[in-house]
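One file, protein-v1.txt, carrying compact mmCIF, C-alpha atoms:
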# COMPACT_ATOMS: atom_id res chain seq x y z
CA MET A 1 28.24 8.02 -4.70
CA THR A 2 31.02 6.44 -6.69
CA GLN A 3 33.48 8.14 -8.96
CA SER A 4 34.99 7.21 -12.28
CA PRO A 5 38.17 9.30 -12.21
CA ALA A 6 39.38 8.25 -15.65
CA VAL A 7 37.07 10.58 -17.55
CA ARG A 8 36.31 14.25 -17.09
CA THR A 9 32.96 14.79 -18.77
CA THR A 10 31.87 18.27 -17.73
CA GLY A 11 32.94 21.66 -18.90
CA ARG A 12 31.86 25.19 -18.10
CA SER A 13 28.45 24.56 -19.61
CA GLY A 14 27.83 21.35 -17.65
CA PRO A 15 27.40 17.79 -18.91
CA VAL A 16 26.87 17.32 -22.64
CA ARG A 17 23.87 15.26 -23.66
CA ILE A 18 24.48 12.19 -25.81
CA GLY A 19 21.43 11.44 -27.94
CA GLU A 20 20.31 8.17 -29.45
CA ARG A 21 22.19 8.62 -32.74
CA ALA A 22 25.44 9.58 -31.03
CA ALA A 23 25.06 6.71 -28.56
CA ARG A 24 24.64 4.24 -31.40
CA THR A 25 27.80 5.64 -32.99
CA LEU A 26 29.74 5.24 -29.74
CA VAL A 27 28.81 1.55 -29.38
CA THR A 28 29.26 0.61 -33.04
CA GLU A 29 32.40 -1.44 -32.35
CA LEU A 30 30.50 -3.45 -29.76
CA ALA A 31 27.54 -3.97 -32.09
CA ARG A 32 29.59 -5.18 -35.07
CA ILE A 33 31.59 -7.96 -33.35
CA ASN A 34 29.72 -11.21 -33.90
CA ASP A 35 31.92 -13.33 -31.61
CA PRO A 36 31.33 -13.51 -27.84
CA LYS A 37 33.25 -10.64 -26.27
CA ALA A 38 33.79 -8.61 -23.12
CA ALA A 39 33.00 -4.89 -23.17
CA LEU A 40 33.54 -2.08 -20.68
CA LEU A 41 31.28 0.97 -20.44
CA VAL A 42 32.56 3.80 -18.24
CA GLY A 43 30.63 6.77 -16.90
CA VAL A 44 26.89 6.23 -17.35
CA SER A 45 23.66 6.74 -15.42
CA PRO A 46 20.44 4.69 -15.58
CA GLU A 47 19.01 7.23 -18.05
CA SER A 48 22.06 7.11 -20.36
CA ALA A 49 21.34 6.60 -24.05
CA VAL A 50 24.78 4.99 -24.34
CA LEU A 51 23.85 2.35 -21.75
CA ALA A 52 20.61 1.62 -23.62
CA ALA A 53 22.47 1.32 -26.93
CA ALA A 54 25.11 -0.97 -25.41
CA ILE A 55 22.49 -3.28 -23.91
CA GLU A 56 20.66 -3.41 -27.24
CA ALA A 57 23.90 -4.40 -28.99
CA LEU A 58 24.61 -7.38 -26.71
CA LEU A 59 24.63 -10.91 -28.10
CA PRO A 60 24.02 -14.08 -26.06
CA GLY A 61 27.71 -14.76 -25.34
CA ASP A 62 28.66 -11.16 -24.47
CA ARG A 63 29.64 -9.69 -21.11
CA LEU A 64 29.31 -5.97 -20.33
CA THR A 65 30.90 -4.32 -17.29
CA VAL A 66 29.42 -0.92 -16.39
CA VAL A 67 31.04 1.80 -14.27
CA PRO A 68 28.70 4.55 -12.97
CA SER A 69 29.28 8.21 -13.77
CA GLU A 70 30.38 10.66 -11.08
CA SER A 71 26.79 11.74 -10.58
CA SER A 72 25.29 8.24 -10.41
CA ASP A 73 24.97 5.62 -7.71
CA ALA A 74 26.06 2.05 -8.42
CA ASP A 75 23.10 0.55 -6.53
CA GLN A 76 20.62 2.57 -8.59
CA LEU A 77 22.38 1.40 -11.73
CA ARG A 78 22.15 -2.22 -10.58
CA GLU A 79 18.43 -1.80 -9.94
CA HIS A 80 18.01 -0.40 -13.44
CA VAL A 81 19.88 -3.33 -14.99
CA THR A 82 17.87 -5.86 -12.96
CA ALA A 83 14.64 -4.22 -14.11
CA GLN A 84 15.61 -4.95 -17.73
CA GLY A 85 14.99 -8.64 -17.12
CA ARG A 86 17.02 -11.77 -16.56
CA TRP A 87 18.54 -11.86 -20.07
CA VAL A 88 20.16 -8.44 -19.51
CA SER A 89 21.08 -8.89 -15.84
CA GLU A 90 22.94 -12.12 -16.62
CA ARG A 91 25.17 -10.29 -19.11
CA VAL A 92 25.62 -6.89 -17.48
CA ARG A 93 27.68 -6.38 -14.32
CA VAL A 94 27.75 -3.03 -12.50
CA VAL A 95 30.90 -2.31 -10.49
CA ASP A 96 31.55 0.45 -7.97
CA SER A 97 34.73 1.74 -9.58
CA LEU A 98 36.89 1.36 -12.65
CA ALA A 99 39.51 -0.46 -10.59
CA GLU A 100 37.19 -3.49 -10.46
CA ALA A 101 37.00 -3.80 -14.26
CA GLU A 102 38.94 -6.26 -16.41
CA ALA A 103 40.43 -6.01 -19.90
CA ALA A 104 37.85 -5.84 -22.68
CA ALA A 105 37.61 -6.07 -26.47
CA VAL A 106 35.71 -2.77 -26.56
CA VAL A 107 35.96 0.11 -24.07
CA ILE A 108 33.41 2.92 -24.33
CA ALA A 109 33.49 6.28 -22.57
CA GLY A 110 29.83 6.89 -21.79
CA GLU A 111 30.17 10.64 -21.34
CA VAL A 112 31.68 13.35 -23.50
CA PHE A 113 35.27 14.44 -22.90
CA ALA A 114 35.14 18.14 -22.04
CA GLY A 115 38.19 18.84 -19.91
CA THR A 116 41.59 20.35 -20.53
CA VAL A 117 44.32 18.77 -22.62
CA GLU A 118 45.94 17.30 -19.50
CA GLU A 119 42.63 15.97 -18.15
CA THR A 120 41.74 14.42 -21.49
CA ARG A 121 45.16 12.81 -21.86
CA SER A 122 44.88 11.41 -18.35
CA GLY A 123 41.37 10.15 -19.07
CA VAL A 124 42.46 8.33 -22.21
CA GLU A 125 45.47 6.81 -20.46
CA GLY A 126 43.21 5.65 -17.63
CA LEU A 127 41.02 3.73 -20.09
CA VAL A 128 43.76 2.37 -22.36
CA LYS A 129 45.01 0.02 -19.62
CA TYR A 130 41.69 -1.88 -19.85
CA LEU A 131 42.03 -2.61 -23.58
CA ALA A 132 42.78 -6.17 -24.64
CA ASP A 133 45.15 -6.74 -27.58
CA GLY A 134 43.65 -5.23 -30.75
CA ALA A 135 40.77 -3.70 -28.79
CA VAL A 136 39.10 -0.38 -29.56
CA LEU A 137 38.46 2.61 -27.31
CA SER A 138 35.41 4.73 -28.32
CA VAL A 139 35.35 8.31 -27.05
CA ALA A 140 33.57 11.52 -27.97
CA THR A 141 33.97 15.26 -27.67
CA THR A 142 31.90 18.19 -28.85
CA ALA A 143 32.41 19.36 -32.42
CA THR A 144 31.40 22.94 -31.58
CA PRO A 145 34.49 25.19 -31.98
CA GLY A 146 35.76 26.70 -28.77
CA ARG A 147 33.45 24.88 -26.42
CA THR A 148 35.85 22.11 -25.41
CA ALA A 149 38.98 23.15 -27.25
CA GLY A 150 41.38 21.31 -24.94
CA ALA A 151 39.63 17.95 -25.16
CA ALA A 152 39.07 18.31 -28.90
CA ALA A 153 42.74 19.09 -29.55
CA GLU A 154 43.97 16.16 -27.47
CA LEU A 155 41.54 13.66 -29.01
CA ALA A 156 42.47 14.88 -32.49
CA ARG A 157 46.11 14.18 -31.59
CA GLN A 158 45.23 10.73 -30.29
CA ASP A 159 43.26 10.09 -33.48
CA ALA A 160 46.25 11.02 -35.63
CA LEU A 161 48.37 8.49 -33.73
CA HIS A 162 45.92 5.68 -33.00
CA GLY A 163 42.67 6.44 -34.85
CA VAL A 164 40.93 3.74 -36.88
CA GLY A 165 37.79 5.75 -37.61
CA ALA A 166 36.00 8.95 -36.68
CA ASP A 167 32.42 10.11 -37.19
CA LEU A 168 30.75 13.49 -36.96
CA VAL A 169 27.29 13.27 -35.43
CA LEU A 170 25.40 16.42 -36.42
CA ARG A 171 22.07 15.22 -35.08
CA ASN A 172 23.01 15.87 -31.48
CA SER A 173 22.86 18.98 -29.33
CA PRO A 174 25.64 20.01 -29.53
CA PRO A 175 27.13 18.06 -32.47
CA LEU A 176 29.69 15.46 -31.40
CA ARG A 177 32.76 13.89 -32.93
CA VAL A 178 33.26 10.22 -32.05
CA TYR A 179 36.74 8.70 -32.24
CA ARG A 180 37.65 5.02 -32.37
CA LEU A 181 41.21 4.44 -31.16
CA ARG A 182 43.26 1.23 -31.32
CA PHE A 183 46.56 1.19 -29.45
CA THR A 184 47.71 -2.34 -30.39
CA PRO A 185 47.51 -3.98 -33.85
CA ALA A 186 44.46 -6.05 -34.76
CA ASP A 187 44.63 -9.37 -36.57
CA PRO A 188 43.29 -8.93 -40.15
CA ALA A 189 41.42 -12.23 -39.81
CA THR A 190 39.26 -10.56 -37.16
CA ALA A 191 37.52 -8.63 -39.94
CA ASP A 192 35.94 -11.86 -41.20
CA ARG A 193 33.85 -11.97 -38.03
CA LEU A 194 32.64 -8.37 -38.16
CA ALA A 195 29.39 -6.89 -39.37
CA PRO A 196 29.49 -3.59 -41.34
CA ALA A 197 29.86 -0.67 -38.95
CA TYR A 198 27.08 1.81 -38.30
CA ARG A 199 27.88 5.12 -39.99
CA PRO A 200 26.08 8.38 -39.06
CA SER A 201 27.36 9.81 -42.38
CA SER A 202 24.49 7.86 -43.96
CA VAL A 203 21.22 9.67 -43.19
CA PRO A 204 18.19 7.32 -43.13
CA LEU A 205 15.13 8.20 -45.22
CA THR A 206 13.38 4.84 -44.94
CA ARG A 207 14.35 1.47 -43.49
CA GLY A 208 16.04 0.46 -46.73
CA MET A 209 17.21 3.78 -48.18
CA HIS A 210 19.71 6.32 -46.87
CA ILE A 211 21.34 9.46 -48.26
CA ASP A 212 25.05 10.04 -47.74
CA SER A 213 25.83 13.23 -45.83
CA ASN A 214 27.53 14.59 -48.96
CA GLY A 215 24.15 14.47 -50.67
CA VAL A 216 22.46 16.29 -47.81
CA ALA A 217 25.12 19.02 -48.00
CA ALA A 218 24.89 19.28 -51.81
CA ALA A 219 21.10 19.52 -51.70
CA GLY A 220 21.37 22.16 -48.98
CA ILE A 221 23.72 24.23 -51.12
CA THR A 222 21.39 24.13 -54.13
CA LEU A 223 18.41 25.12 -51.97
CA GLY A 224 20.50 27.94 -50.51
CA LEU A 225 21.29 29.18 -54.01
CA ALA A 226 17.58 29.04 -54.82
CA ALA A 227 16.77 31.15 -51.76
CA LEU A 228 19.43 33.71 -52.66
CA ALA A 229 18.18 33.92 -56.24
CA ARG A 230 14.62 34.41 -55.00
CA VAL A 231 15.68 37.27 -52.71
CA ALA A 232 17.97 38.89 -55.28
CA ARG A 233 15.47 38.71 -58.16
CA PRO A 234 11.98 38.22 -56.73
CA SER A 235 10.28 38.80 -60.09
CA SER A 236 12.35 36.14 -61.85
CA LYS A 237 11.76 32.40 -62.02
CA LEU A 238 15.49 31.74 -62.09
CA TRP A 239 15.37 30.40 -58.52
CA LEU A 240 13.41 27.39 -59.77
CA LEU A 241 16.51 25.96 -61.48
CA PRO A 242 18.55 25.28 -58.32
CA ALA A 243 15.40 24.45 -56.36
CA LEU A 244 14.38 21.73 -58.79
CA ALA A 245 17.97 20.45 -58.93
CA ALA A 246 18.08 19.75 -55.18
CA GLY A 247 16.19 16.46 -55.46
CA PRO A 248 18.28 14.94 -58.29
CA VAL A 249 21.50 16.11 -56.61
CA ALA A 250 20.52 14.37 -53.35
CA ALA A 251 19.54 11.26 -55.33
CA PHE A 252 23.08 11.01 -56.71
CA PHE A 253 24.17 10.24 -53.14
CA ARG A 254 21.52 7.67 -52.27
CA ASP A 255 22.82 4.86 -50.11
CA PRO A 256 20.53 1.81 -50.04
CA GLU A 257 20.88 -1.06 -47.60
CA ARG A 258 22.31 -4.21 -49.17
CA ASP A 259 22.15 -7.90 -48.28
CA VAL A 260 25.79 -8.96 -48.19
CA PRO A 261 26.39 -12.64 -49.05
CA GLU A 262 27.55 -14.63 -46.02
CA ASP A 263 29.56 -17.09 -48.11
CA PRO A 264 33.18 -16.64 -46.91
CA SER A 265 34.51 -17.47 -50.39
CA ALA A 266 32.48 -14.71 -52.09
CA VAL A 267 34.03 -11.44 -53.26
CA VAL A 268 31.38 -8.74 -53.76
CA ALA A 269 31.28 -5.73 -56.06
CA SER A 270 32.75 -2.57 -54.59
CA ALA A 271 30.28 -0.37 -56.46
CA ASP A 272 27.14 -0.37 -58.58
CA GLY A 273 27.64 -0.19 -62.32
CA GLN A 274 28.69 -2.04 -65.44
CA VAL A 275 31.76 -4.27 -65.68
CA LEU A 276 34.22 -2.68 -68.11
CA SER A 277 36.94 -5.31 -68.06
CA VAL A 278 38.26 -8.41 -66.34
CA GLN A 279 42.04 -8.63 -66.74
CA ARG A 280 45.09 -10.44 -65.44
CA LEU A 281 48.03 -8.07 -65.03
CA HIS A 282 51.09 -7.18 -63.00
CA ASP A 283 51.35 -4.14 -60.75
CA GLU A 284 54.52 -3.88 -58.67
CA ARG A 285 52.96 -1.25 -56.41
CA PHE A 286 50.97 -3.97 -54.69
CA GLY A 287 53.60 -6.69 -54.68
CA ASP A 288 54.93 -9.49 -56.86
CA GLY A 289 52.74 -11.88 -58.73
CA GLU A 290 49.79 -11.57 -61.08
CA TRP A 291 46.60 -9.72 -60.22
CA LEU A 292 43.02 -10.23 -61.33
CA ARG A 293 41.49 -6.80 -61.89
CA ILE A 294 37.75 -6.27 -62.26
CA ALA A 295 36.88 -2.72 -63.37
CA VAL A 296 33.35 -1.33 -62.95
CA PHE A 297 32.05 1.89 -64.52
CA LEU A 298 29.65 4.04 -62.47
CA SER A 299 27.29 6.23 -64.48
CA VAL A 300 25.66 9.33 -63.00
CA LEU A 301 22.55 7.18 -62.41
CA ASP A 302 24.34 4.56 -60.32
CA VAL A 303 24.79 4.51 -56.54
CA HIS A 304 28.14 6.18 -55.82
CA VAL A 305 28.85 4.72 -52.37
CA ASN A 306 31.81 2.32 -52.39
CA ARG A 307 31.94 -0.85 -50.28
CA ALA A 308 34.68 -3.24 -49.23
CA PRO A 309 34.70 -6.28 -51.59
CA VAL A 310 36.13 -8.51 -48.85
CA ALA A 311 36.75 -8.34 -45.12
CA GLY A 312 40.20 -7.05 -44.22
CA LYS A 313 42.45 -4.55 -42.51
CA VAL A 314 43.43 -1.28 -44.20
CA VAL A 315 47.24 -1.36 -44.33
CA ASP A 316 47.89 1.36 -46.90
CA TYR A 317 46.16 4.22 -48.69
CA PHE A 318 47.62 6.46 -51.37
CA VAL A 319 46.52 8.72 -54.21
CA ALA A 320 48.11 8.54 -57.67
CA ASP A 321 48.10 11.74 -59.72
CA GLY A 322 46.73 11.77 -63.26
CA GLY A 323 44.11 13.19 -65.59
CA PHE A 324 40.32 13.27 -65.81
CA VAL A 325 39.51 11.30 -68.94
CA ASN A 326 36.09 9.73 -69.50
CA ALA A 327 36.15 6.68 -67.23
CA MET A 328 34.89 4.38 -70.01
CA LYS A 329 37.92 5.05 -72.20
CA PRO A 330 41.20 3.11 -71.96
CA ASP A 331 43.11 6.29 -71.09
CA ALA A 332 41.16 6.44 -67.80
CA GLU A 333 43.80 4.00 -66.61
CA HIS A 334 45.92 7.10 -65.94
CA ASN A 335 43.27 9.18 -64.18
CA VAL A 336 43.64 10.40 -60.61
CA ALA A 337 42.95 7.41 -58.37
CA ALA A 338 42.84 6.59 -54.66
CA TYR A 339 44.06 3.13 -53.67
CA THR A 340 42.92 1.37 -50.49
CA VAL A 341 45.06 -1.69 -49.71
CA LEU A 342 43.57 -4.43 -47.55
CA ASP A 343 45.38 -7.23 -45.75
CA THR A 344 43.08 -10.25 -45.66
CA ALA A 345 43.19 -13.91 -44.67
CA ARG A 346 43.50 -14.72 -48.43
CA GLY A 347 46.22 -12.20 -49.25
CA THR A 348 46.35 -8.58 -50.39
CA VAL A 349 43.26 -7.00 -51.98
CA VAL A 350 43.21 -3.49 -53.45
CA VAL A 351 40.31 -1.19 -54.29
CA ALA A 352 40.99 1.72 -56.65
CA GLN A 353 38.56 4.66 -56.75
CA ARG A 354 39.17 6.40 -60.08
CA THR A 355 38.03 9.84 -61.13
CA GLY A 356 36.47 10.49 -64.53
CA LEU A 357 35.40 13.31 -66.81
CA ILE A 358 32.81 14.64 -64.34
CA ALA A 359 33.87 12.98 -61.09
CA ARG A 360 36.65 15.03 -59.54
CA ARG A 361 36.18 14.23 -55.87
CA ILE A 362 36.99 10.97 -54.06
CA VAL A 363 35.93 10.39 -50.45
CA GLN A 364 37.69 7.67 -48.45
CA ARG A 365 36.67 7.19 -44.81
CA ALA A 366 38.73 4.15 -43.74
CA PRO A 367 42.10 5.15 -42.22
CA ILE A 368 45.09 2.84 -42.05
CA GLY A 369 44.51 0.32 -39.27
CA ALA A 370 40.74 0.18 -39.72
CA LEU A 371 39.00 -3.19 -40.02
CA LEU A 372 36.37 -3.41 -42.75
CA ALA A 373 33.70 -6.06 -42.93
CA LYS A 374 32.72 -7.44 -46.33
CA GLY A 375 30.22 -5.04 -47.92
CA GLU A 376 30.99 -2.24 -45.46
CA ARG A 377 30.80 1.33 -46.75
CA PHE A 378 34.20 3.01 -46.84
CA GLY A 379 33.83 5.96 -49.24
CA LEU A 380 32.31 7.30 -52.43
CA ILE A 381 33.10 8.97 -55.76
CA ARG A 382 31.06 12.04 -56.52
CA PHE A 383 29.00 11.85 -59.71
CA GLY A 384 30.13 8.52 -61.08
CA SER A 385 33.40 7.19 -62.47
CA ARG A 386 35.15 3.84 -62.05
CA THR A 387 36.06 1.41 -59.27
CA ASP A 388 38.63 -1.37 -59.74
CA VAL A 389 39.10 -4.41 -57.50
CA TYR A 390 42.49 -6.16 -57.54
CA LEU A 391 42.63 -9.78 -56.31
CA PRO A 392 45.52 -12.28 -56.24
CA ALA A 393 45.12 -14.07 -59.58
CA ASP A 394 46.30 -17.42 -58.26
CA THR A 395 43.63 -17.63 -55.54
CA ALA A 396 40.51 -16.02 -57.08
CA ASP A 397 38.28 -16.84 -60.04
CA PRO A 398 36.12 -14.17 -61.73
CA LEU A 399 32.35 -14.72 -61.97
CA VAL A 400 31.48 -11.67 -64.11
CA GLY A 401 32.46 -10.42 -67.53
CA PRO A 402 32.43 -7.17 -69.55
CA GLY A 403 28.94 -5.74 -69.87
CA ASP A 404 27.53 -7.37 -66.73
CA LYS A 405 25.63 -5.15 -64.31
CA VAL A 406 26.69 -5.44 -60.67
CA VAL A 407 25.32 -4.17 -57.36
CA GLY A 408 27.79 -2.95 -54.74
CA GLY A 409 27.96 -5.12 -51.64
CA ALA A 410 25.57 -7.72 -53.10
CA THR A 411 26.77 -9.09 -56.46
CA VAL A 412 29.42 -11.80 -56.22
CA ILE A 413 32.08 -10.81 -58.76
CA ALA A 414 34.67 -13.46 -57.87
CA ARG A 415 35.17 -16.43 -55.61
CA TRP A 416 38.17 -17.53 -53.58
CA ARG A 417 39.44 -21.01 -54.48
Could you write out this file's structure as structure tokens?
Amino acid sequence: MTQSPAVRTTGRSGPVRIGERAARTLVTELARINDPKAALLVGVSPESAVLAAAIEALLPGDRLTVVPSESSDADQLREHVTAQGRWVSERVRVVDSLAEAEAAAVVIAGEVFAGTVEETRSGVEGLVKYLADGAVLSVATTATPGRTAGAAAELARQDALHGVGADLVLRNSPPLRVYRLRFTPADPATADRLAPAYRPSSVPLTRGMHIDSNGVAAAGITLGLAALARVARPSSKLWLLPALAAGPVAAFFRDPERDVPEDPSAVVASADGQVLSVQRLHDERFGDGEWLRIAVFLSVLDVHVNRAPVAGKVVDYFVADGGFVNAMKPDAEHNVAAYTVLDTARGTVVVAQRTGLIARRIVQRAPIGALLAKGERFGLIRFGSRTDVYLPADTADPLVGPGDKVVGGATVIARWR
């Protein structure tokens, strides 16, 4: 039996199961890189859902090195890989120990971190040495308070220093938190070759329609209020009000799949809605020069999920204080707004998520350092408002005008020259 000493994956309650949804979240960085790449998967058995997800994510030019878990045998793992067929066996190499592995563009810990702070820190350090420049380490720990407090605390610290994305996977027993850590800077141009990342925050209803986790939570709250009202006043029909509201509330957070244009010169809408204005202006917060700003109003009937208009690297994020004026009015210019600044191959691009009269809550899920593919989900504004896209005016031409309807991630609103 071989050992993979870099990761401690068992706690007092024994190994933690990683289900299909959590496994897909762990391998998302592998799945989204369209270029040929080398990947390293550490600590798996033949039955591992993470191994299955990693194999499914492989492209023809990829290479995957697999290190068995402490409880697995390398020969059994090789037999399992061989049984998958020639296509898989040609791309997957099983080694006896981590020492035989080489640097990779993606390193994945195939088991959950559940040790002490010192063990977790040692485990992360043992895997970091196998990261190529700009590469990502994907690791997970339980999200259940108190169960793996040491590992959770250490990974949260690592995330604060090196995190480029984190996801909570509730549909796992127990729930897991997956961290993506990058210890060396990534080239912004790399984002042009990425597919949108898989996000467990989007709950699938059908193949083409999802509901953001915020909608699931909001619908759950309204149903809970209905249940309380029914218990408190069983003879009253008052409980029907929140019960009937659950469906429309969830619908506010619908998250449909979108076909993102492959044209590298296309800039797509960051949100669904109606174009309010297309302006050329100056804004010293984002640098010198003139900016082309395309503002889109989101009504309460529009999809509220925001998407990256171009591929790029998040280099800054800040929130500007202000009011809560109706987003269709000129004074909305001074509403509370969250600004996500992207470094791209064509220059700086900024997306502003603005609050409105009803919308008071902005969600942004792309930390500084994260790479976003064009059309990738990165946040949402609750119950409508306004989303502005700022482009360098000397390198982009607008293709929409005031009054046009646009679809986030699909409608081309501008084109690079």
List as a compact mmCIF listing (two decimals) with C-alpha atoms, keeping the file's coordinate frame the protein and nucleic acid residues near segment 250-267 of chain A, meaning an atom at most 9 Å away when all atoms listed in the file are counted, but skip any in the same chain fewer than 3 places from it.
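Result went into around03.txt, see below:
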# COMPACT_ATOMS: atom_id res chain seq x y z
CA ASP A 192 35.94 -11.86 -41.20
CA SER A 202 24.49 7.86 -43.96
CA VAL A 203 21.22 9.67 -43.19
CA PRO A 204 18.19 7.32 -43.13
CA ARG A 207 14.35 1.47 -43.49
CA GLY A 208 16.04 0.46 -46.73
CA MET A 209 17.21 3.78 -48.18
CA HIS A 210 19.71 6.32 -46.87
CA ILE A 211 21.34 9.46 -48.26
CA ASP A 212 25.05 10.04 -47.74
CA SER A 213 25.83 13.23 -45.83
CA ASN A 214 27.53 14.59 -48.96
CA GLY A 215 24.15 14.47 -50.67
CA VAL A 216 22.46 16.29 -47.81
CA ALA A 217 25.12 19.02 -48.00
CA ALA A 218 24.89 19.28 -51.81
CA ALA A 219 21.10 19.52 -51.70
CA GLY A 220 21.37 22.16 -48.98
CA ALA A 245 17.97 20.45 -58.93
CA ALA A 246 18.08 19.75 -55.18
CA GLY A 247 16.19 16.46 -55.46
CA VAL A 300 25.66 9.33 -63.00
CA LEU A 301 22.55 7.18 -62.41
CA ASP A 302 24.34 4.56 -60.32
CA VAL A 303 24.79 4.51 -56.54
CA HIS A 304 28.14 6.18 -55.82
CA VAL A 305 28.85 4.72 -52.37
CA PRO A 309 34.70 -6.28 -51.59
CA VAL A 310 36.13 -8.51 -48.85
CA LYS A 374 32.72 -7.44 -46.33
CA GLY A 375 30.22 -5.04 -47.92
CA GLU A 376 30.99 -2.24 -45.46
CA LEU A 380 32.31 7.30 -52.43
CA ARG A 382 31.06 12.04 -56.52
CA PHE A 383 29.00 11.85 -59.71
CA GLY A 384 30.13 8.52 -61.08
CA ALA A 396 40.51 -16.02 -57.08
CA VAL A 407 25.32 -4.17 -57.36
CA GLY A 408 27.79 -2.95 -54.74
CA GLY A 409 27.96 -5.12 -51.64
CA ALA A 410 25.57 -7.72 -53.10
CA THR A 411 26.77 -9.09 -56.46
CA VAL A 412 29.42 -11.80 -56.22
CA ILE A 413 32.08 -10.81 -58.76
CA ALA A 414 34.67 -13.46 -57.87
CA ARG A 415 35.17 -16.43 -55.61
CA TRP A 416 38.17 -17.53 -53.58
CA ARG A 417 39.44 -21.01 -54.48
For this session: Determine the nearest neighbour of Ile368 of chain A from the options A:His162, A:Arg354, A:Arg157, A:Arg346, counting all atoms listed in the file.
Result: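 Among A:His162, A:Arg354, A:Arg157, A:Arg346, it is A:His162 that comes nearest to Ile368 of chain A.
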For this session: Using only C-alpha atoms, find the one residue out of A:Val400, A:Val296, A:Ile108, A:Ala311 that sits nearest to Gly347 of chain A.
Result: A:Ala311
Exercise. With all atoms listed in the file as the atoms that count, which of A:Leu26, A:Val88, A:Leu161, A:Val315 lies nearest to Gly110 of chain A?
Worked result: A:Leu26
Problem set entry | Straight-line distance linking atom CA of Gly369 of chain A with atom CA of Lys313 of chain A, stated in Å to one decimal | 6.2 Å
Problem set entry | atom CA of Val164 of chain A to atom CA of Pro188 of chain A, straight-line distance in Å | 13.3 Å
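Separating atom CA of Leu205 of chain A from atom CA of Arg377 of chain A is a distance of 17.2 Å.
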Exercise. Using only C-alpha atoms, which residues sit within 9 Å of Val351 of chain A once same-chain residues fewer than 3 positions away are excluded, as a ChimeraX atom specification?
Worked result: /A:270,308-309,338-342,387-390
Problem set entry | Non-local contacts of Ala332 of chain A (8 Å; all atoms listed in the file; under 6 positions in same chain excluded) as a PyMOL selection string | chain A and resi 323-326+354+356
Problem set entry | Minimum-distance residue to Val178 of chain A, chosen among A:Thr348, A:Ser48, A:Asn34, A:Ser201 (using all atoms listed in the file) |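 Checking each candidate against Val178 of chain A, we get A:Ser201 as the closest.
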Seminar exercise, completed: Min atom-atom distance to Val128 of chain A from the set A:Arg199, A:Arg293, A:His334, A:Arg182, counting only C-alpha atoms, belongs to A:Arg182
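In terms of minimum interatomic distance to Asp404 of chain A, A:Ser277 ranks closest within A:Ser277, A:Ser72, A:Thr206, A:Gln353, counting all atoms listed in the file.
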For this session: For Arg365 of chain A, please output as an NGL selection string all residues within 8 Å (counting all atoms listed in the file; exclusion window: fewer than 6 positions along the same chain).
Result: :A and (165 or 378-379)
Centre and edges of the segment 58-65 of chain A box, axis-aligned, 3 Å extra per side, as lines of an AutoDock Vina configuration file:
center_x = 27.5
center_y = -9.5
center_z = -22.7
size_x = 12.9
size_y = 16.4
size_z = 16.8
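Residues surrounding Val67 of chain A within 8 Å are Ser4, Leu40, Leu41, Val42, Gly43, Val44, Ala74, Val94, Val95, Asp96, Ser97 and Leu98 of chain A [all atoms listed in the file; sequence separation below 3 positions excluded].
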Using the selection just defined, write its residues with C-alpha atoms as a PDB file, keeping the file's coordinate frame.
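The new file result.pdb reads:
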ATOM      1  CA  SER A   4      34.990   7.210 -12.280  1.00  0.00           C
ATOM      2  CA  LEU A  40      33.540  -2.080 -20.680  1.00  0.00           C
ATOM      3  CA  LEU A  41      31.280   0.970 -20.440  1.00  0.00           C
ATOM      4  CA  VAL A  42      32.560   3.800 -18.240  1.00  0.00           C
ATOM      5  CA  GLY A  43      30.630   6.770 -16.900  1.00  0.00           C
ATOM      6  CA  VAL A  44      26.890   6.230 -17.350  1.00  0.00           C
ATOM      7  CA  ALA A  74      26.060   2.050  -8.420  1.00  0.00           C
ATOM      8  CA  VAL A  94      27.750  -3.030 -12.500  1.00  0.00           C
ATOM      9  CA  VAL A  95      30.900  -2.310 -10.490  1.00  0.00           C
ATOM     10  CA  ASP A  96      31.550   0.450  -7.970  1.00  0.00           C
ATOM     11  CA  SER A  97      34.730   1.740  -9.580  1.00  0.00           C
ATOM     12  CA  LEU A  98      36.890   1.360 -12.650  1.00  0.00           C
TER      13      LEU A  98
END
